[in-house]
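Asker: Shown below is the structure under consideration.
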Amino acid sequence: MTFNNLFCGIKYRVVELDVDKYFLLPVGVKEGIINDNFFKTVDEVLCIPNSGSAFRQKYVIDKIYSLEELSEVYEYDDSNRQFLEEYFYNDHKDVFLYVEVDNENDIIENYEIDLSLIKKKEEVLTYLYDKDEPILLLNKDALDNILKQDDARKIRLLLEKYRKGLVNFEQYNENKGLNKIKIKNGNIEEIEMSGHLNICSNISSNLMDDKNEGKNSYDGLRKAIKEKVFGHDEEIDTLAQKIYMNYTAEEGESTDAILLVGPTGTGKTETINACCEYLNIPSVCINATNLVPEGIKGLSVEDVIISLYDGANQDLEKAQRGLIFLDEFDKLNDSELDIKTVMRNILLTFTAGGNFPINRDGLDIIFNSKMTNKVFAGVFDKITETRKTTGFITEEKKNINLRQTDVRRLILEKGYFSLEELSRISTILLYHDLERETKKRILLESKLSELVKKQERYKRQFGIDLIVLDDFIEAILDSVSPNDTGMRVINNMVKTVMDNAERAVLENEMKGYKKLVISQKTVINPTKFDLY
């Protein structure tokens with residue numbers, strides 16, 4: 001077999017332990033040619049460590065073999081070089097090198113540390129509550145996984161992943177009374193709920209399985225969304241239909257991109273979060289205006305893909321079937337900057353289902369977005385803004401009865417997107433302003449309502465029933481500015497109004513109170529409530 005005199009070596013990151021002591025950490029395999037003490041690849045030149053001066057570089061290369069030699073070592077007589085090199089790297093990825101040099105830069109110590117012979121790596125994450133605060137504990141392997149990253153972006157992605165898990169844990173605790181969860185090597189091992197400890201031998205497969213066969217359904221999906229998002233029943237039915245058909249599509253079958261149009265706080269993001277939670281698929285939610293082309297400082301589509309890949313535990317197939325949610329999509333065309341024009345072209349390819357090669361820091365994948373769930377959202381205020389009328393008539397919502405065809409036409413007429421850009425999005429759904437009665441229902445029934453969360457939390461933690469009188473709800477809604485059309489401001493107001501009452505519950509926890517009653521007077525003066 002002829003390999004054109006190419007060589008293959010292990011690329012190491014140099015970690016200086018002291019002025020004369022170094023750790024070499026394997027980060028990948030490189031193919032190239034040897035020229036004196038240098039190893040030349042298609043994209044970089046690496047030092048071959050024949051002396052101590054080589055370790056002043058960030059990376060070096062060692063364990064160099066010709067590809068012909070590798071073929072003999074592994075008894076793999078085939079022209080598939082990529083497989084041969086992966087086989088080679090797999091043998092060395094857990095073998096660190098320790099090197100010492102003397103004052104003359106001569107190497108005096110050089111030996112290997114094979115971590116795979118020491119112990120099996122077990123990355124353990126433990127989410128629990130300490131003094132009513134959610135915390136995350138990392139074992140040494142999990143911490144090492146962070147420290148071994150040689151790129152600040154990858155470290156941030158890991159930390160963001162852990163933070164998202166902590167937020168999900170806190171939300172689940174408030175809703176279900178979950179006190180502790182232990183995850184080993186990506187699988188749930190222990191769960192503690194309301195004081196009862198369960199060793200979960202098969203719960204992991206139920207929670208972590210890609211498909212949850214027999215458990216997920218279109219009807220289950222739309223019900224899961226409607227437990228949290230109110231006032232958009234038809235839109236939710238359609239969105240659940242599209243997402244579920246995407247989720248169950250097989251290779252070669254079409255998937256739909258979705259655009260959500262509507263004012264802030266009407267439930268667009270909550271709808272998508274509920275979808276991902278029910279289907280247990282990896283997801284990334286970002287602001288579309290922050291995107292820049294690859295090579296420019298900022299967040300690129302490649303960064304988003306890597307984040308999705310990491311969220312799928314580096315399972316490429318699972319990542320490609322995940323969901324990417326781009327918010328403030330309407331503002332992408334606000335700028336005439338060249339980079340935004342390039343960005344729109346990139347998103348055209350992404351929406352249509354293109355290939356995105358990712359080659360960074362040892363990660364070498366080709367991500368195909370054809371089967372990825374693509375959801376975009378924006379206010380599109382030129383379409384969804386309310387129209388003032390004269391006289392004593394209040395605002396008239398002009399977007400309530402708009403059809404999907406109307407929205408598509410108006411998006412083009414108002415200059416948000418071109419016909420080519422919009423043609424890649426098959427489904428457009430309009431989320432209108434929430435009516436007062438809908439807001440009342442959300443406060444009293446939605447799983448996302450801060451009021452409902454506090455009722456469940458107080459019952460679980462203190463054994464106290466939170467009684468909400470009707471005039472409390474009316475007073476909360478009356479106190480919100482007409483310009484605040486969504487639920488975020490209302491939920492924040494509930495939390496603020498209840499701060500004094502909650503503090504009183506904590507200060508009198510040992511007195512065994514059973515009821516906390518809040519009413520209109522609590523909204524007017526947060527110190528006014530009944531605890532007995």
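Residues are referred to by chain and number: the chain letter is A, B, ... according to the order shown in the structure tokens, the number counts from 1 in that chain, and ligands are numbered separately from 1 in the order shown.
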Need to verify the contact set: Asp106 of chain A, 6 Å, only C-alpha atoms, exclusion of same-chain residues closer than 4 positions in sequence. Can you return it as a PyMOL selection string?
Answerer: chain A and resi 51-52+101-102
Asker: Could you dump the residues just selected with C-alpha atoms as a PDB file, in the first residue's frame?
Answerer:
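This went into again35.pdb:
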```pdb
ATOM      1  CA  SER A  51      14.921  19.219  23.151  1.00  0.00           C
ATOM      2  CA  GLY A  52      13.406  21.126  26.023  1.00  0.00           C
ATOM      3  CA  VAL A 101      14.392  19.093  31.219  1.00  0.00           C
ATOM      4  CA  ASP A 102      17.686  20.345  32.680  1.00  0.00           C
TER       5      ASP A 102
END
```
Asker: For Val468 of chain A, find every residue with an atom within 12 Å (counting only C-alpha atoms), except residues of its own chain fewer than 6 positions away, and show them as a PDB file with C-alpha atoms, in the first residue's frame.
Answerer:
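Generated file (selection-v6.pdb):
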```
ATOM      1  CA  LYS A 440     -56.115  35.444  34.940  1.00  0.00           C
ATOM      2  CA  LEU A 443     -51.895  33.216  36.954  1.00  0.00           C
ATOM      3  CA  LEU A 444     -54.233  30.635  38.488  1.00  0.00           C
ATOM      4  CA  LEU A 451     -48.363  32.130  41.833  1.00  0.00           C
ATOM      5  CA  VAL A 452     -48.885  28.428  41.099  1.00  0.00           C
ATOM      6  CA  LYS A 454     -45.371  29.435  45.113  1.00  0.00           C
ATOM      7  CA  GLN A 455     -48.534  27.540  46.074  1.00  0.00           C
ATOM      8  CA  GLU A 474     -57.751  41.736  39.735  1.00  0.00           C
ATOM      9  CA  ALA A 475     -55.495  44.131  41.630  1.00  0.00           C
ATOM     10  CA  ILE A 476     -52.345  42.647  40.094  1.00  0.00           C
ATOM     11  CA  VAL A 494     -46.359  38.696  41.890  1.00  0.00           C
ATOM     12  CA  MET A 498     -45.235  38.504  47.936  1.00  0.00           C
ATOM     13  CA  LYS A 515     -52.544  29.163  55.772  1.00  0.00           C
ATOM     14  CA  LEU A 516     -51.298  32.304  54.071  1.00  0.00           C
ATOM     15  CA  VAL A 517     -54.018  34.523  52.614  1.00  0.00           C
ATOM     16  CA  ILE A 518     -53.240  37.290  50.128  1.00  0.00           C
ATOM     17  CA  SER A 519     -55.744  39.765  48.707  1.00  0.00           C
ATOM     18  CA  GLN A 520     -56.113  43.173  47.094  1.00  0.00           C
ATOM     19  CA  LYS A 521     -54.728  44.839  50.199  1.00  0.00           C
ATOM     20  CA  THR A 522     -51.481  42.842  49.715  1.00  0.00           C
ATOM     21  CA  VAL A 523     -51.029  44.384  46.284  1.00  0.00           C
ATOM     22  CA  PHE A 529     -51.585  39.614  54.529  1.00  0.00           C
ATOM     23  CA  ASP A 530     -52.965  36.974  56.866  1.00  0.00           C
TER      24      ASP A 530
END
```
Asker: Run DSSP on the backbone of this structure and report the residues of segment 275-494 of chain A it assigns to alpha helix (DSSP H), as a short mmCIF file (atom, residue, chain, number, x, y, z; two decimals) with C-alpha atoms, in the first residue's frame.
Answerer:
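Dumped everything to part.cif:
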```
data_model
loop_
_atom_site.label_atom_id
_atom_site.label_comp_id
_atom_site.auth_asym_id
_atom_site.auth_seq_id
_atom_site.Cartn_x
_atom_site.Cartn_y
_atom_site.Cartn_z
CA CYS A 275 -41.73 21.09 23.36
CA CYS A 276 -38.08 20.32 24.06
CA GLU A 277 -38.80 19.26 27.64
CA TYR A 278 -41.59 16.88 26.63
CA LEU A 279 -39.70 15.32 23.71
CA VAL A 301 -23.71 29.33 13.48
CA GLU A 302 -20.81 26.94 14.08
CA ASP A 303 -20.78 27.96 17.76
CA VAL A 304 -24.51 27.27 17.96
CA ILE A 305 -24.05 23.85 16.35
CA ILE A 306 -21.24 22.95 18.76
CA SER A 307 -23.44 23.98 21.69
CA LEU A 308 -26.22 21.73 20.39
CA TYR A 309 -23.69 18.92 19.86
CA ASP A 310 -22.41 19.26 23.43
CA GLY A 311 -26.00 19.37 24.72
CA LEU A 316 -24.07 13.76 16.31
CA GLU A 317 -27.27 12.04 15.19
CA LYS A 318 -29.14 13.23 18.27
CA ALA A 319 -27.79 16.77 17.83
CA GLN A 320 -28.92 16.85 14.20
CA ASP A 338 -22.26 43.33 4.91
CA ILE A 339 -21.82 40.82 7.73
CA LYS A 340 -25.60 40.69 8.24
CA THR A 341 -26.09 40.05 4.53
CA VAL A 342 -23.59 37.19 4.74
CA MET A 343 -25.36 35.96 7.87
CA ARG A 344 -28.73 35.85 6.12
CA ASN A 345 -27.22 33.78 3.31
CA ILE A 346 -25.76 31.36 5.86
CA LEU A 347 -29.17 31.01 7.51
CA LEU A 348 -30.73 30.36 4.11
CA THR A 349 -28.43 27.34 3.77
CA PHE A 350 -29.07 26.28 7.34
CA THR A 351 -32.86 26.47 6.98
CA ALA A 352 -32.81 24.56 3.69
CA ASP A 381 -43.95 45.22 15.43
CA LYS A 382 -44.98 46.72 12.10
CA ILE A 383 -47.44 43.84 11.84
CA THR A 384 -48.42 43.15 15.45
CA GLN A 404 -51.08 32.92 8.10
CA THR A 405 -51.28 34.12 4.48
CA ASP A 406 -51.85 37.70 5.70
CA VAL A 407 -48.80 37.55 7.97
CA ARG A 408 -46.62 36.15 5.19
CA ARG A 409 -47.77 38.92 2.83
CA LEU A 410 -47.21 41.65 5.43
CA ILE A 411 -43.71 40.39 6.25
CA LEU A 412 -42.82 40.83 2.59
CA GLU A 413 -44.60 44.18 2.24
CA LEU A 419 -39.40 36.08 -0.92
CA GLU A 420 -36.46 33.65 -1.15
CA GLU A 421 -35.78 33.92 2.59
CA LEU A 422 -39.42 33.56 3.57
CA SER A 423 -40.03 30.66 1.18
CA ARG A 436 -57.29 39.87 30.52
CA GLU A 437 -59.21 36.64 31.15
CA THR A 438 -56.37 34.65 29.66
CA LYS A 439 -53.90 36.35 31.97
CA LYS A 440 -56.12 35.44 34.94
CA ARG A 441 -56.15 31.81 33.84
CA ILE A 442 -52.38 31.81 33.44
CA LEU A 443 -51.90 33.22 36.95
CA LEU A 444 -54.23 30.63 38.49
CA GLU A 445 -53.54 27.51 36.39
CA GLU A 450 -45.21 32.31 39.73
CA LEU A 451 -48.36 32.13 41.83
CA VAL A 452 -48.88 28.43 41.10
CA LYS A 453 -45.20 27.72 41.73
CA LYS A 454 -45.37 29.44 45.11
CA GLN A 455 -48.53 27.54 46.07
CA GLU A 456 -46.81 24.23 45.35
CA ARG A 457 -43.55 25.30 46.97
CA TYR A 458 -45.15 26.55 50.20
CA LYS A 459 -47.22 23.37 50.51
CA ARG A 460 -44.19 21.15 50.00
CA GLN A 461 -41.66 23.05 52.07
CA PHE A 462 -43.76 24.57 54.87
CA ASP A 470 -60.08 36.92 43.58
CA ASP A 471 -59.43 40.58 44.27
CA PHE A 472 -55.66 39.86 44.47
CA ILE A 473 -55.66 38.75 40.82
CA GLU A 474 -57.75 41.74 39.73
CA ALA A 475 -55.49 44.13 41.63
CA ILE A 476 -52.35 42.65 40.09
CA LEU A 477 -53.76 43.02 36.57
CA ASP A 478 -55.00 46.56 37.29
CA ARG A 488 -43.22 38.45 32.37
CA VAL A 489 -43.99 41.76 34.05
CA ILE A 490 -47.03 40.24 35.79
CA ASN A 491 -45.06 37.28 37.13
CA ASN A 492 -42.32 39.58 38.37
CA MET A 493 -44.90 41.74 40.11
CA VAL A 494 -46.36 38.70 41.89
#
```
Asker: Quote the spacing between atom CA of Ile236 of chain A and atom CA of Gly354 of chain A in Å to one decimal place.
Answerer: 27.9 Å
Asker: Here is a test: counting only C-alpha atoms, which residue of A:Ile10, A:Val167, A:Leu332, A:Val45 is nearest to Val95 of chain A?
Answerer: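 Comparing A:Ile10, A:Val167, A:Leu332, A:Val45 against Val95 of chain A, the winner is A:Ile10.
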Asker: With segment 15-27 of chain A as the partner and 12 Å as the cut-off, tabulate the residues of segment 53-94 of chain A that qualify, each row holding the nearest pair of atoms and their distance in Å to one decimal, using only C-alpha atoms, sorted by chain and rising number, as JSON lines.
Answerer:
```
{"residue": "A:Ser53", "atom": "CA", "partner": "A:Asp20", "partner_atom": "CA", "distance": 10.2}
{"residue": "A:Ala54", "atom": "CA", "partner": "A:Tyr22", "partner_atom": "CA", "distance": 11.0}
{"residue": "A:Phe55", "atom": "CA", "partner": "A:Tyr22", "partner_atom": "CA", "distance": 7.6}
{"residue": "A:Arg56", "atom": "CA", "partner": "A:Glu16", "partner_atom": "CA", "distance": 8.7}
{"residue": "A:Gln57", "atom": "CA", "partner": "A:Val15", "partner_atom": "CA", "distance": 9.8}
{"residue": "A:Lys58", "atom": "CA", "partner": "A:Val15", "partner_atom": "CA", "distance": 8.0}
{"residue": "A:Tyr59", "atom": "CA", "partner": "A:Leu24", "partner_atom": "CA", "distance": 8.5}
{"residue": "A:Val60", "atom": "CA", "partner": "A:Leu24", "partner_atom": "CA", "distance": 8.3}
{"residue": "A:Ile61", "atom": "CA", "partner": "A:Pro26", "partner_atom": "CA", "distance": 9.1}
{"residue": "A:Asp62", "atom": "CA", "partner": "A:Pro26", "partner_atom": "CA", "distance": 9.6}
{"residue": "A:Lys63", "atom": "CA", "partner": "A:Pro26", "partner_atom": "CA", "distance": 10.6}
{"residue": "A:Phe88", "atom": "CA", "partner": "A:Pro26", "partner_atom": "CA", "distance": 11.9}
{"residue": "A:Tyr89", "atom": "CA", "partner": "A:Pro26", "partner_atom": "CA", "distance": 8.6}
{"residue": "A:Asn90", "atom": "CA", "partner": "A:Pro26", "partner_atom": "CA", "distance": 10.3}
{"residue": "A:Asp91", "atom": "CA", "partner": "A:Pro26", "partner_atom": "CA", "distance": 10.7}
{"residue": "A:His92", "atom": "CA", "partner": "A:Pro26", "partner_atom": "CA", "distance": 7.2}
{"residue": "A:Lys93", "atom": "CA", "partner": "A:Pro26", "partner_atom": "CA", "distance": 5.6}
{"residue": "A:Asp94", "atom": "CA", "partner": "A:Pro26", "partner_atom": "CA", "distance": 7.4}
```
